[in-house]
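Novice: Enclosed is the structure file structure_1.cif (mmCIF, N, CA and C atoms).
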data_my_file
loop_
_atom_site.group_PDB
_atom_site.id
_atom_site.type_symbol
_atom_site.label_atom_id
_atom_site.label_comp_id
_atom_site.auth_asym_id
_atom_site.auth_seq_id
_atom_site.Cartn_x
_atom_site.Cartn_y
_atom_site.Cartn_z
ATOM 1 N N ARG A 1 169.897 172.687 147.508
ATOM 2 C CA ARG A 1 169.006 171.887 148.309
ATOM 3 C C ARG A 1 168.429 170.756 147.462
ATOM 4 N N SER A 2 168.165 169.661 148.093
ATOM 5 C CA SER A 2 167.566 168.521 147.422
ATOM 6 C C SER A 2 166.131 168.859 147.000
ATOM 7 N N TYR A 3 165.718 168.374 145.846
ATOM 8 C CA TYR A 3 164.358 168.596 145.355
ATOM 9 C C TYR A 3 163.329 168.133 146.389
ATOM 10 N N ALA A 4 163.628 167.033 147.068
ATOM 11 C CA ALA A 4 162.710 166.473 148.058
ATOM 12 C C ALA A 4 162.470 167.422 149.231
ATOM 13 N N LEU A 5 163.391 168.345 149.467
ATOM 14 C CA LEU A 5 163.256 169.277 150.582
ATOM 15 C C LEU A 5 162.607 170.603 150.195
ATOM 16 N N LEU A 6 162.290 170.792 148.927
ATOM 17 C CA LEU A 6 161.698 172.042 148.461
ATOM 18 C C LEU A 6 160.222 172.127 148.841
ATOM 19 N N SER A 7 159.734 173.344 149.006
ATOM 20 C CA SER A 7 158.299 173.562 149.230
ATOM 21 C C SER A 7 157.543 173.303 147.931
ATOM 22 N N ASP A 8 156.225 173.231 148.007
ATOM 23 C CA ASP A 8 155.417 173.034 146.800
ATOM 24 C C ASP A 8 155.674 174.147 145.783
ATOM 25 N N GLY A 9 155.750 175.396 146.257
ATOM 26 C CA GLY A 9 156.003 176.522 145.357
ATOM 27 C C GLY A 9 157.368 176.441 144.706
ATOM 28 N N GLU A 10 158.389 176.070 145.486
ATOM 29 C CA GLU A 10 159.735 175.940 144.928
ATOM 30 C C GLU A 10 159.804 174.805 143.910
ATOM 31 N N ARG A 11 159.112 173.713 144.178
ATOM 32 C CA ARG A 11 159.054 172.610 143.206
ATOM 33 C C ARG A 11 158.361 173.052 141.928
ATOM 34 N N PHE A 12 157.285 173.810 142.095
ATOM 35 C CA PHE A 12 156.551 174.295 140.925
ATOM 36 C C PHE A 12 157.452 175.166 140.053
ATOM 37 N N ILE A 13 158.209 176.065 140.669
ATOM 38 C CA ILE A 13 159.108 176.939 139.918
ATOM 39 C C ILE A 13 160.188 176.109 139.220
ATOM 40 N N ALA A 14 160.792 175.163 139.937
ATOM 41 C CA ALA A 14 161.820 174.311 139.340
ATOM 42 C C ALA A 14 161.247 173.506 138.172
ATOM 43 N N ASP A 15 160.062 172.934 138.353
ATOM 44 C CA ASP A 15 159.418 172.163 137.286
ATOM 45 C C ASP A 15 159.112 173.042 136.078
ATOM 46 N N SER A 16 158.646 174.270 136.320
ATOM 47 C CA SER A 16 158.320 175.183 135.223
ATOM 48 C C SER A 16 159.570 175.571 134.432
ATOM 49 N N ILE A 17 160.666 175.840 135.137
ATOM 50 C CA ILE A 17 161.922 176.174 134.464
ATOM 51 C C ILE A 17 162.383 174.998 133.611
ATOM 52 N N LEU A 18 162.312 173.795 134.151
ATOM 53 C CA LEU A 18 162.700 172.607 133.397
ATOM 54 C C LEU A 18 161.794 172.418 132.185
ATOM 55 N N GLN A 19 160.508 172.625 132.361
ATOM 56 C CA GLN A 19 159.560 172.489 131.255
ATOM 57 C C GLN A 19 159.875 173.488 130.147
ATOM 58 N N LEU A 20 160.201 174.724 130.511
ATOM 59 C CA LEU A 20 160.550 175.734 129.507
ATOM 60 C C LEU A 20 161.852 175.381 128.792
ATOM 61 N N ALA A 21 162.824 174.876 129.529
ATOM 62 C CA ALA A 21 164.102 174.488 128.913
ATOM 63 C C ALA A 21 163.908 173.353 127.922
ATOM 64 N N ILE A 22 163.113 172.356 128.286
ATOM 65 C CA ILE A 22 162.839 171.236 127.381
ATOM 66 C C ILE A 22 162.097 171.724 126.146
ATOM 67 N N ALA A 23 161.114 172.599 126.327
ATOM 68 C CA ALA A 23 160.358 173.136 125.198
ATOM 69 C C ALA A 23 161.273 173.890 124.242
ATOM 70 N N GLU A 24 162.213 174.637 124.792
ATOM 71 C CA GLU A 24 163.145 175.382 123.945
ATOM 72 C C GLU A 24 164.047 174.431 123.164
ATOM 73 N N VAL A 25 164.554 173.394 123.815
ATOM 74 C CA VAL A 25 165.458 172.442 123.161
ATOM 75 C C VAL A 25 164.736 171.646 122.072
ATOM 76 N N ASP A 26 163.502 171.199 122.351
ATOM 77 C CA ASP A 26 162.817 170.368 121.356
ATOM 78 C C ASP A 26 162.010 171.175 120.337
ATOM 79 N N GLY A 27 162.026 172.501 120.476
ATOM 80 C CA GLY A 27 161.369 173.354 119.491
ATOM 81 C C GLY A 27 159.867 173.468 119.643
ATOM 82 N N SER A 28 159.347 173.143 120.808
ATOM 83 C CA SER A 28 157.902 173.274 121.030
ATOM 84 C C SER A 28 157.496 174.740 120.913
ATOM 85 N N PRO A 29 156.384 175.020 120.241
ATOM 86 C CA PRO A 29 155.959 176.408 120.088
ATOM 87 C C PRO A 29 155.255 176.970 121.318
ATOM 88 N N MET A 30 154.854 176.075 122.251
ATOM 89 C CA MET A 30 154.132 176.550 123.423
ATOM 90 C C MET A 30 154.252 175.558 124.561
ATOM 91 N N VAL A 31 153.870 176.027 125.751
ATOM 92 C CA VAL A 31 153.821 175.173 126.938
ATOM 93 C C VAL A 31 152.471 175.354 127.622
ATOM 94 N N VAL A 32 152.060 174.326 128.343
ATOM 95 C CA VAL A 32 150.858 174.395 129.173
ATOM 96 C C VAL A 32 151.303 174.093 130.601
ATOM 97 N N ILE A 33 151.048 175.031 131.495
ATOM 98 C CA ILE A 33 151.458 174.893 132.888
ATOM 99 C C ILE A 33 150.210 174.935 133.754
ATOM 100 N N ASP A 34 150.026 173.886 134.538
ATOM 101 C CA ASP A 34 148.857 173.791 135.413
ATOM 102 C C ASP A 34 149.316 173.784 136.865
ATOM 103 N N GLY A 35 148.508 174.310 137.745
ATOM 104 C CA GLY A 35 148.794 174.260 139.170
ATOM 105 C C GLY A 35 149.426 175.521 139.729
ATOM 106 N N GLY A 36 149.314 176.637 139.001
ATOM 107 C CA GLY A 36 149.926 177.884 139.422
ATOM 108 C C GLY A 36 149.417 178.430 140.740
ATOM 109 N N GLU A 37 148.345 177.853 141.251
ATOM 110 C CA GLU A 37 147.798 178.336 142.522
ATOM 111 C C GLU A 37 148.723 178.046 143.704
ATOM 112 N N VAL A 38 149.719 177.172 143.523
ATOM 113 C CA VAL A 38 150.654 176.924 144.626
ATOM 114 C C VAL A 38 151.548 178.136 144.879
ATOM 115 N N LEU A 39 151.615 179.050 143.905
ATOM 116 C CA LEU A 39 152.398 180.274 144.072
ATOM 117 C C LEU A 39 151.518 181.370 144.649
ATOM 118 N N GLN A 40 152.073 182.173 145.521
ATOM 119 C CA GLN A 40 151.332 183.259 146.146
ATOM 120 C C GLN A 40 151.813 184.609 145.615
ATOM 121 N N GLY A 41 150.901 185.566 145.527
ATOM 122 C CA GLY A 41 151.199 186.970 145.238
ATOM 123 C C GLY A 41 152.244 187.237 144.183
ATOM 124 N N ASP A 42 153.354 187.837 144.618
ATOM 125 C CA ASP A 42 154.403 188.254 143.690
ATOM 126 C C ASP A 42 155.017 187.085 142.931
ATOM 127 N N TYR A 43 154.961 185.893 143.505
ATOM 128 C CA TYR A 43 155.529 184.731 142.819
ATOM 129 C C TYR A 43 154.715 184.375 141.579
ATOM 130 N N ARG A 44 153.410 184.612 141.622
ATOM 131 C CA ARG A 44 152.584 184.399 140.424
ATOM 132 C C ARG A 44 152.985 185.400 139.339
ATOM 133 N N ALA A 45 153.181 186.650 139.738
ATOM 134 C CA ALA A 45 153.616 187.665 138.777
ATOM 135 C C ALA A 45 154.994 187.312 138.227
ATOM 136 N N GLY A 46 155.851 186.745 139.064
ATOM 137 C CA GLY A 46 157.177 186.315 138.615
ATOM 138 C C GLY A 46 157.090 185.211 137.578
ATOM 139 N N LEU A 47 156.135 184.295 137.743
ATOM 140 C CA LEU A 47 155.925 183.238 136.755
ATOM 141 C C LEU A 47 155.526 183.845 135.416
ATOM 142 N N VAL A 48 154.585 184.783 135.448
ATOM 143 C CA VAL A 48 154.149 185.444 134.212
ATOM 144 C C VAL A 48 155.323 186.166 133.559
ATOM 145 N N SER A 49 156.115 186.859 134.340
ATOM 146 C CA SER A 49 157.281 187.570 133.824
ATOM 147 C C SER A 49 158.274 186.603 133.176
ATOM 148 N N MET A 50 158.532 185.470 133.831
ATOM 149 C CA MET A 50 159.441 184.469 133.292
ATOM 150 C C MET A 50 158.930 183.946 131.949
ATOM 151 N N LEU A 51 157.635 183.699 131.859
ATOM 152 C CA LEU A 51 157.061 183.201 130.617
ATOM 153 C C LEU A 51 157.150 184.242 129.508
ATOM 154 N N GLU A 52 156.907 185.500 129.838
ATOM 155 C CA GLU A 52 157.016 186.560 128.832
ATOM 156 C C GLU A 52 158.453 186.698 128.346
ATOM 157 N N ASP A 53 159.424 186.541 129.245
ATOM 158 C CA ASP A 53 160.829 186.660 128.879
ATOM 159 C C ASP A 53 161.307 185.513 127.997
ATOM 160 N N CYS A 54 160.730 184.321 128.167
ATOM 161 C CA CYS A 54 161.216 183.167 127.404
ATOM 162 C C CYS A 54 160.736 183.198 125.954
ATOM 163 N N GLY A 55 159.657 183.911 125.674
ATOM 164 C CA GLY A 55 159.202 184.064 124.301
ATOM 165 C C GLY A 55 158.322 182.951 123.775
ATOM 166 N N LEU A 56 158.005 181.945 124.580
ATOM 167 C CA LEU A 56 157.114 180.877 124.141
ATOM 168 C C LEU A 56 155.666 181.254 124.431
ATOM 169 N N GLU A 57 154.766 180.782 123.600
ATOM 170 C CA GLU A 57 153.349 180.908 123.913
ATOM 171 C C GLU A 57 153.078 180.015 125.111
ATOM 172 N N ALA A 58 152.154 180.417 125.972
ATOM 173 C CA ALA A 58 151.888 179.621 127.166
ATOM 174 C C ALA A 58 150.432 179.727 127.582
ATOM 175 N N ILE A 59 149.937 178.622 128.086
ATOM 176 C CA ILE A 59 148.655 178.589 128.781
ATOM 177 C C ILE A 59 148.986 178.232 130.219
ATOM 178 N N VAL A 60 148.575 179.088 131.143
ATOM 179 C CA VAL A 60 148.846 178.860 132.561
ATOM 180 C C VAL A 60 147.513 178.770 133.287
ATOM 181 N N CYS A 61 147.328 177.692 134.023
ATOM 182 C CA CYS A 61 146.085 177.494 134.772
ATOM 183 C C CYS A 61 146.340 177.772 136.247
ATOM 184 N N ILE A 62 145.525 178.657 136.811
ATOM 185 C CA ILE A 62 145.630 179.028 138.217
ATOM 186 C C ILE A 62 144.221 179.019 138.808
ATOM 187 N N ALA A 63 144.000 178.170 139.806
ATOM 188 C CA ALA A 63 142.718 178.188 140.505
ATOM 189 C C ALA A 63 142.745 179.364 141.472
ATOM 190 N N ALA A 64 141.730 180.215 141.397
ATOM 191 C CA ALA A 64 141.678 181.400 142.259
ATOM 192 C C ALA A 64 140.242 181.624 142.710
ATOM 193 N N GLU A 65 140.101 182.224 143.884
ATOM 194 C CA GLU A 65 138.762 182.487 144.411
ATOM 195 C C GLU A 65 138.112 183.702 143.773
ATOM 196 N N SER A 66 138.952 184.599 143.202
ATOM 197 C CA SER A 66 138.417 185.786 142.541
ATOM 198 C C SER A 66 139.356 186.189 141.418
ATOM 199 N N GLU A 67 138.862 187.050 140.531
ATOM 200 C CA GLU A 67 139.678 187.524 139.417
ATOM 201 C C GLU A 67 140.932 188.245 139.897
ATOM 202 N N GLY A 68 140.866 188.858 141.055
ATOM 203 C CA GLY A 68 141.997 189.578 141.599
ATOM 204 C C GLY A 68 143.168 188.674 141.956
ATOM 205 N N GLY A 69 142.937 187.379 142.065
ATOM 206 C CA GLY A 69 143.998 186.442 142.393
ATOM 207 C C GLY A 69 144.830 186.009 141.213
ATOM 208 N N VAL A 70 144.461 186.504 140.027
ATOM 209 C CA VAL A 70 145.176 186.125 138.812
ATOM 210 C C VAL A 70 146.032 187.307 138.373
ATOM 211 N N PRO A 71 147.347 187.072 138.142
ATOM 212 C CA PRO A 71 148.223 188.193 137.799
ATOM 213 C C PRO A 71 147.910 188.780 136.432
ATOM 214 N N ASP A 72 148.221 190.059 136.269
ATOM 215 C CA ASP A 72 148.063 190.719 134.981
ATOM 216 C C ASP A 72 149.114 190.218 134.003
ATOM 217 N N VAL A 73 148.777 190.243 132.730
ATOM 218 C CA VAL A 73 149.712 189.870 131.677
ATOM 219 C C VAL A 73 149.841 191.031 130.709
ATOM 220 N N GLU A 74 151.060 191.276 130.230
ATOM 221 C CA GLU A 74 151.282 192.374 129.290
ATOM 222 C C GLU A 74 151.015 191.950 127.855
ATOM 223 N N ASN A 75 151.465 190.752 127.500
ATOM 224 C CA ASN A 75 151.417 190.317 126.100
ATOM 225 C C ASN A 75 150.476 189.136 125.919
ATOM 226 N N GLY A 76 149.309 189.229 126.475
ATOM 227 C CA GLY A 76 148.375 188.127 126.355
ATOM 228 C C GLY A 76 147.026 188.505 126.932
ATOM 229 N N THR A 77 146.206 187.497 127.104
ATOM 230 C CA THR A 77 144.870 187.699 127.632
ATOM 231 C C THR A 77 144.652 186.740 128.781
ATOM 232 N N LYS A 78 144.033 187.219 129.836
ATOM 233 C CA LYS A 78 143.669 186.309 130.913
ATOM 234 C C LYS A 78 142.157 186.130 130.884
ATOM 235 N N TYR A 79 141.743 184.937 131.282
ATOM 236 C CA TYR A 79 140.332 184.579 131.261
ATOM 237 C C TYR A 79 139.902 184.126 132.642
ATOM 238 N N TRP A 80 138.674 184.455 132.980
ATOM 239 C CA TRP A 80 138.043 183.948 134.184
ATOM 240 C C TRP A 80 137.046 182.896 133.709
ATOM 241 N N ILE A 81 137.163 181.675 134.226
ATOM 242 C CA ILE A 81 136.268 180.595 133.820
ATOM 243 C C ILE A 81 135.386 180.241 135.009
ATOM 244 N N GLU A 82 134.089 180.342 134.790
ATOM 245 C CA GLU A 82 133.134 180.025 135.852
ATOM 246 C C GLU A 82 131.848 179.534 135.221
ATOM 247 N N ASP A 83 131.245 178.522 135.818
ATOM 248 C CA ASP A 83 129.998 177.936 135.316
ATOM 249 C C ASP A 83 130.092 177.562 133.845
ATOM 250 N N GLY A 84 131.263 177.060 133.437
ATOM 251 C CA GLY A 84 131.449 176.581 132.059
ATOM 252 C C GLY A 84 131.622 177.685 131.025
ATOM 253 N N LYS A 85 131.799 178.934 131.456
ATOM 254 C CA LYS A 85 131.953 180.037 130.523
ATOM 255 C C LYS A 85 133.291 180.735 130.766
ATOM 256 N N ALA A 86 134.015 181.012 129.678
ATOM 257 C CA ALA A 86 135.279 181.741 129.757
ATOM 258 C C ALA A 86 135.049 183.182 129.295
ATOM 259 N N VAL A 87 135.487 184.126 130.135
ATOM 260 C CA VAL A 87 135.305 185.534 129.829
ATOM 261 C C VAL A 87 136.659 186.231 129.960
ATOM 262 N N ALA A 88 137.061 186.974 128.924
ATOM 263 C CA ALA A 88 138.308 187.727 129.003
ATOM 264 C C ALA A 88 138.156 188.825 130.046
ATOM 265 N N VAL A 89 139.169 188.966 130.894
ATOM 266 C CA VAL A 89 139.128 190.009 131.929
ATOM 267 C C VAL A 89 140.356 190.897 131.841
#
Kindly transcribe the structure held in the file into structure tokens.
Specialist:
Amino acid sequence: RSYALLSDGERFIADSILQLAIAEVDGSPMVVIDGGEVLQGDYRAGLVSMLEDCGLEAIVCIAAESEGGVPDVENGTKYWIEDGKAVAV
């Protein structure tokens, strides 16, 4: 399918895969991915799984209404940021 016909979530996944591939080729030690809120439920967990599998350090930003909207991570720490304070959860 043409990129122009993809949903926001599908574009986000395609962009993230491309970003990881470029980081691997140019030797970047980490990636920063913003806008993860376009993914729903299991797709957010899939993003985390993909990042863990690629082996790069990553910062992923996801706007969520509650801590429960942020997927668990096995090999890292997730933070809830509110009122200018970051707290590990």
Novice: For the file shown, report as a PDB file with N, CA and C atoms, in the coordinates of the input the outcome of the PyMOL selection byres ((chain A and resi 20-30) around 6.5) at residue level.
Specialist:
ATOM      1  N   ASP A  15     160.062 172.934 138.353  1.00  0.00           N
ATOM      2  CA  ASP A  15     159.418 172.163 137.286  1.00  0.00           C
ATOM      3  C   ASP A  15     159.112 173.042 136.078  1.00  0.00           C
ATOM      4  N   SER A  16     158.646 174.270 136.320  1.00  0.00           N
ATOM      5  CA  SER A  16     158.320 175.183 135.223  1.00  0.00           C
ATOM      6  C   SER A  16     159.570 175.571 134.432  1.00  0.00           C
ATOM      7  N   ILE A  17     160.666 175.840 135.137  1.00  0.00           N
ATOM      8  CA  ILE A  17     161.922 176.174 134.464  1.00  0.00           C
ATOM      9  C   ILE A  17     162.383 174.998 133.611  1.00  0.00           C
ATOM     10  N   LEU A  18     162.312 173.795 134.151  1.00  0.00           N
ATOM     11  CA  LEU A  18     162.700 172.607 133.397  1.00  0.00           C
ATOM     12  C   LEU A  18     161.794 172.418 132.185  1.00  0.00           C
ATOM     13  N   GLN A  19     160.508 172.625 132.361  1.00  0.00           N
ATOM     14  CA  GLN A  19     159.560 172.489 131.255  1.00  0.00           C
ATOM     15  C   GLN A  19     159.875 173.488 130.147  1.00  0.00           C
ATOM     16  N   VAL A  31     153.870 176.027 125.751  1.00  0.00           N
ATOM     17  CA  VAL A  31     153.821 175.173 126.938  1.00  0.00           C
ATOM     18  C   VAL A  31     152.471 175.354 127.622  1.00  0.00           C
ATOM     19  N   VAL A  32     152.060 174.326 128.343  1.00  0.00           N
ATOM     20  CA  VAL A  32     150.858 174.395 129.173  1.00  0.00           C
ATOM     21  C   VAL A  32     151.303 174.093 130.601  1.00  0.00           C
ATOM     22  N   LEU A  56     158.005 181.945 124.580  1.00  0.00           N
ATOM     23  CA  LEU A  56     157.114 180.877 124.141  1.00  0.00           C
ATOM     24  C   LEU A  56     155.666 181.254 124.431  1.00  0.00           C
ATOM     25  N   GLU A  57     154.766 180.782 123.600  1.00  0.00           N
ATOM     26  CA  GLU A  57     153.349 180.908 123.913  1.00  0.00           C
ATOM     27  C   GLU A  57     153.078 180.015 125.111  1.00  0.00           C
ATOM     28  N   ALA A  58     152.154 180.417 125.972  1.00  0.00           N
ATOM     29  CA  ALA A  58     151.888 179.621 127.166  1.00  0.00           C
ATOM     30  C   ALA A  58     150.432 179.727 127.582  1.00  0.00           C
ATOM     31  N   ILE A  59     149.937 178.622 128.086  1.00  0.00           N
ATOM     32  CA  ILE A  59     148.655 178.589 128.781  1.00  0.00           C
ATOM     33  C   ILE A  59     148.986 178.232 130.219  1.00  0.00           C
TER      34      ILE A  59
END
Novice: Using atom C of Gly36 of chain A and atom N of Arg1 of chain A as the two end points, give the distance in Å to one decimal.
Specialist: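 One can read the atom C of Gly36 of chain A to atom N of Arg1 of chain A distance as 22.3 Å.
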Novice: From the list A:Glu67, A:Glu37, A:Asn75, A:Leu47, which residue is nearest Ala88 of chain A when using only C-alpha atoms?
Specialist: A:Glu67
Novice: Carefully work through the PyMOL selection byres (((chain A and resi 79 and name CA) around 10) and name CA) for this structure and note down the residues it includes, as an NGL selection string.
Specialist: :A and (61 or 67 or 70 or 77-78 or 80-82 or 85-89)
Novice: Calculated over only C-alpha atoms, which of the candidates A:Ala4, A:Ile13, A:Leu39, A:Ala45 has the smallest distance to Glu74 of chain A?
Specialist: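 Of A:Ala4, A:Ile13, A:Leu39, A:Ala45, the one nearest Glu74 of chain A is A:Ala45, counting only C-alpha atoms.
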Novice: Per DSSP on the backbone, filter chain A down to the residues in strand (DSSP E) and report them as a list of chain:residue names.
Specialist: A:Met30, A:Val31, A:Val32, A:Ile33, A:Asp34, A:Glu57, A:Ala58, A:Ile59, A:Val60, A:Cys61, A:Tyr79, A:Trp80, A:Ile81, A:Glu82, A:Lys85, A:Ala86, A:Val87, A:Ala88
Novice: Could I see segment 30-40 of chain A restored to all heavy atoms, set down as a PDB file, keeping the file's coordinate frame?
Specialist:
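Below is the file that was written, rebuild26.pdb:
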ATOM      1  N   MET A  30     154.854 176.075 122.251  1.00  0.00           N
ATOM      2  CA  MET A  30     154.132 176.550 123.423  1.00  0.00           C
ATOM      3  C   MET A  30     154.252 175.558 124.561  1.00  0.00           C
ATOM      4  O   MET A  30     154.656 174.418 124.358  1.00  0.00           O
ATOM      5  CB  MET A  30     152.664 176.809 123.095  1.00  0.00           C
ATOM      6  CG  MET A  30     151.830 175.571 122.882  1.00  0.00           C
ATOM      7  SD  MET A  30     150.073 175.902 122.733  1.00  0.00           S
ATOM      8  CE  MET A  30     149.677 176.544 124.331  1.00  0.00           C
ATOM      9  N   VAL A  31     153.870 176.027 125.751  1.00  0.00           N
ATOM     10  CA  VAL A  31     153.821 175.173 126.938  1.00  0.00           C
ATOM     11  C   VAL A  31     152.471 175.354 127.622  1.00  0.00           C
ATOM     12  O   VAL A  31     151.836 176.397 127.483  1.00  0.00           O
ATOM     13  CB  VAL A  31     154.955 175.492 127.946  1.00  0.00           C
ATOM     14  CG1 VAL A  31     156.303 175.149 127.364  1.00  0.00           C
ATOM     15  CG2 VAL A  31     154.914 176.932 128.401  1.00  0.00           C
ATOM     16  N   VAL A  32     152.060 174.326 128.343  1.00  0.00           N
ATOM     17  CA  VAL A  32     150.858 174.395 129.173  1.00  0.00           C
ATOM     18  C   VAL A  32     151.303 174.093 130.601  1.00  0.00           C
ATOM     19  O   VAL A  32     151.902 173.055 130.864  1.00  0.00           O
ATOM     20  CB  VAL A  32     149.784 173.389 128.728  1.00  0.00           C
ATOM     21  CG1 VAL A  32     148.580 173.440 129.654  1.00  0.00           C
ATOM     22  CG2 VAL A  32     149.378 173.636 127.286  1.00  0.00           C
ATOM     23  N   ILE A  33     151.048 175.031 131.495  1.00  0.00           N
ATOM     24  CA  ILE A  33     151.458 174.893 132.888  1.00  0.00           C
ATOM     25  C   ILE A  33     150.210 174.935 133.754  1.00  0.00           C
ATOM     26  O   ILE A  33     149.442 175.888 133.703  1.00  0.00           O
ATOM     27  CB  ILE A  33     152.442 176.020 133.285  1.00  0.00           C
ATOM     28  CG1 ILE A  33     153.707 175.913 132.424  1.00  0.00           C
ATOM     29  CG2 ILE A  33     152.767 175.951 134.767  1.00  0.00           C
ATOM     30  CD1 ILE A  33     154.709 177.026 132.653  1.00  0.00           C
ATOM     31  N   ASP A  34     150.026 173.886 134.538  1.00  0.00           N
ATOM     32  CA  ASP A  34     148.857 173.791 135.413  1.00  0.00           C
ATOM     33  C   ASP A  34     149.316 173.784 136.865  1.00  0.00           C
ATOM     34  O   ASP A  34     150.406 173.325 137.174  1.00  0.00           O
ATOM     35  CB  ASP A  34     148.085 172.513 135.104  1.00  0.00           C
ATOM     36  CG  ASP A  34     146.743 172.437 135.810  1.00  0.00           C
ATOM     37  OD1 ASP A  34     146.237 173.487 136.255  1.00  0.00           O
ATOM     38  OD2 ASP A  34     146.198 171.327 135.917  1.00  0.00           O
ATOM     39  N   GLY A  35     148.508 174.310 137.745  1.00  0.00           N
ATOM     40  CA  GLY A  35     148.794 174.260 139.170  1.00  0.00           C
ATOM     41  C   GLY A  35     149.426 175.521 139.729  1.00  0.00           C
ATOM     42  O   GLY A  35     149.992 175.505 140.814  1.00  0.00           O
ATOM     43  N   GLY A  36     149.314 176.637 139.001  1.00  0.00           N
ATOM     44  CA  GLY A  36     149.926 177.884 139.422  1.00  0.00           C
ATOM     45  C   GLY A  36     149.417 178.430 140.740  1.00  0.00           C
ATOM     46  O   GLY A  36     150.025 179.318 141.325  1.00  0.00           O
ATOM     47  N   GLU A  37     148.345 177.853 141.251  1.00  0.00           N
ATOM     48  CA  GLU A  37     147.798 178.336 142.522  1.00  0.00           C
ATOM     49  C   GLU A  37     148.723 178.046 143.704  1.00  0.00           C
ATOM     50  O   GLU A  37     148.544 178.620 144.774  1.00  0.00           O
ATOM     51  CB  GLU A  37     146.404 177.763 142.787  1.00  0.00           C
ATOM     52  CG  GLU A  37     146.346 176.270 142.909  1.00  0.00           C
ATOM     53  CD  GLU A  37     146.197 175.550 141.573  1.00  0.00           C
ATOM     54  OE1 GLU A  37     146.144 176.200 140.514  1.00  0.00           O
ATOM     55  OE2 GLU A  37     146.131 174.317 141.603  1.00  0.00           O
ATOM     56  N   VAL A  38     149.719 177.172 143.523  1.00  0.00           N
ATOM     57  CA  VAL A  38     150.654 176.924 144.626  1.00  0.00           C
ATOM     58  C   VAL A  38     151.548 178.136 144.879  1.00  0.00           C
ATOM     59  O   VAL A  38     152.155 178.248 145.945  1.00  0.00           O
ATOM     60  CB  VAL A  38     151.531 175.662 144.409  1.00  0.00           C
ATOM     61  CG1 VAL A  38     150.672 174.430 144.281  1.00  0.00           C
ATOM     62  CG2 VAL A  38     152.473 175.815 143.255  1.00  0.00           C
ATOM     63  N   LEU A  39     151.615 179.050 143.905  1.00  0.00           N
ATOM     64  CA  LEU A  39     152.398 180.274 144.072  1.00  0.00           C
ATOM     65  C   LEU A  39     151.518 181.370 144.649  1.00  0.00           C
ATOM     66  O   LEU A  39     150.360 181.501 144.275  1.00  0.00           O
ATOM     67  CB  LEU A  39     152.971 180.742 142.733  1.00  0.00           C
ATOM     68  CG  LEU A  39     153.900 179.767 142.018  1.00  0.00           C
ATOM     69  CD1 LEU A  39     154.314 180.346 140.674  1.00  0.00           C
ATOM     70  CD2 LEU A  39     155.113 179.461 142.869  1.00  0.00           C
ATOM     71  N   GLN A  40     152.073 182.173 145.521  1.00  0.00           N
ATOM     72  CA  GLN A  40     151.332 183.259 146.146  1.00  0.00           C
ATOM     73  C   GLN A  40     151.813 184.609 145.615  1.00  0.00           C
ATOM     74  O   GLN A  40     152.992 184.770 145.306  1.00  0.00           O
ATOM     75  CB  GLN A  40     151.509 183.227 147.662  1.00  0.00           C
ATOM     76  CG  GLN A  40     151.008 181.938 148.304  1.00  0.00           C
ATOM     77  CD  GLN A  40     149.530 181.719 148.093  1.00  0.00           C
ATOM     78  OE1 GLN A  40     148.737 182.636 148.260  1.00  0.00           O
ATOM     79  NE2 GLN A  40     149.150 180.515 147.717  1.00  0.00           N
TER      80      GLN A  40
END
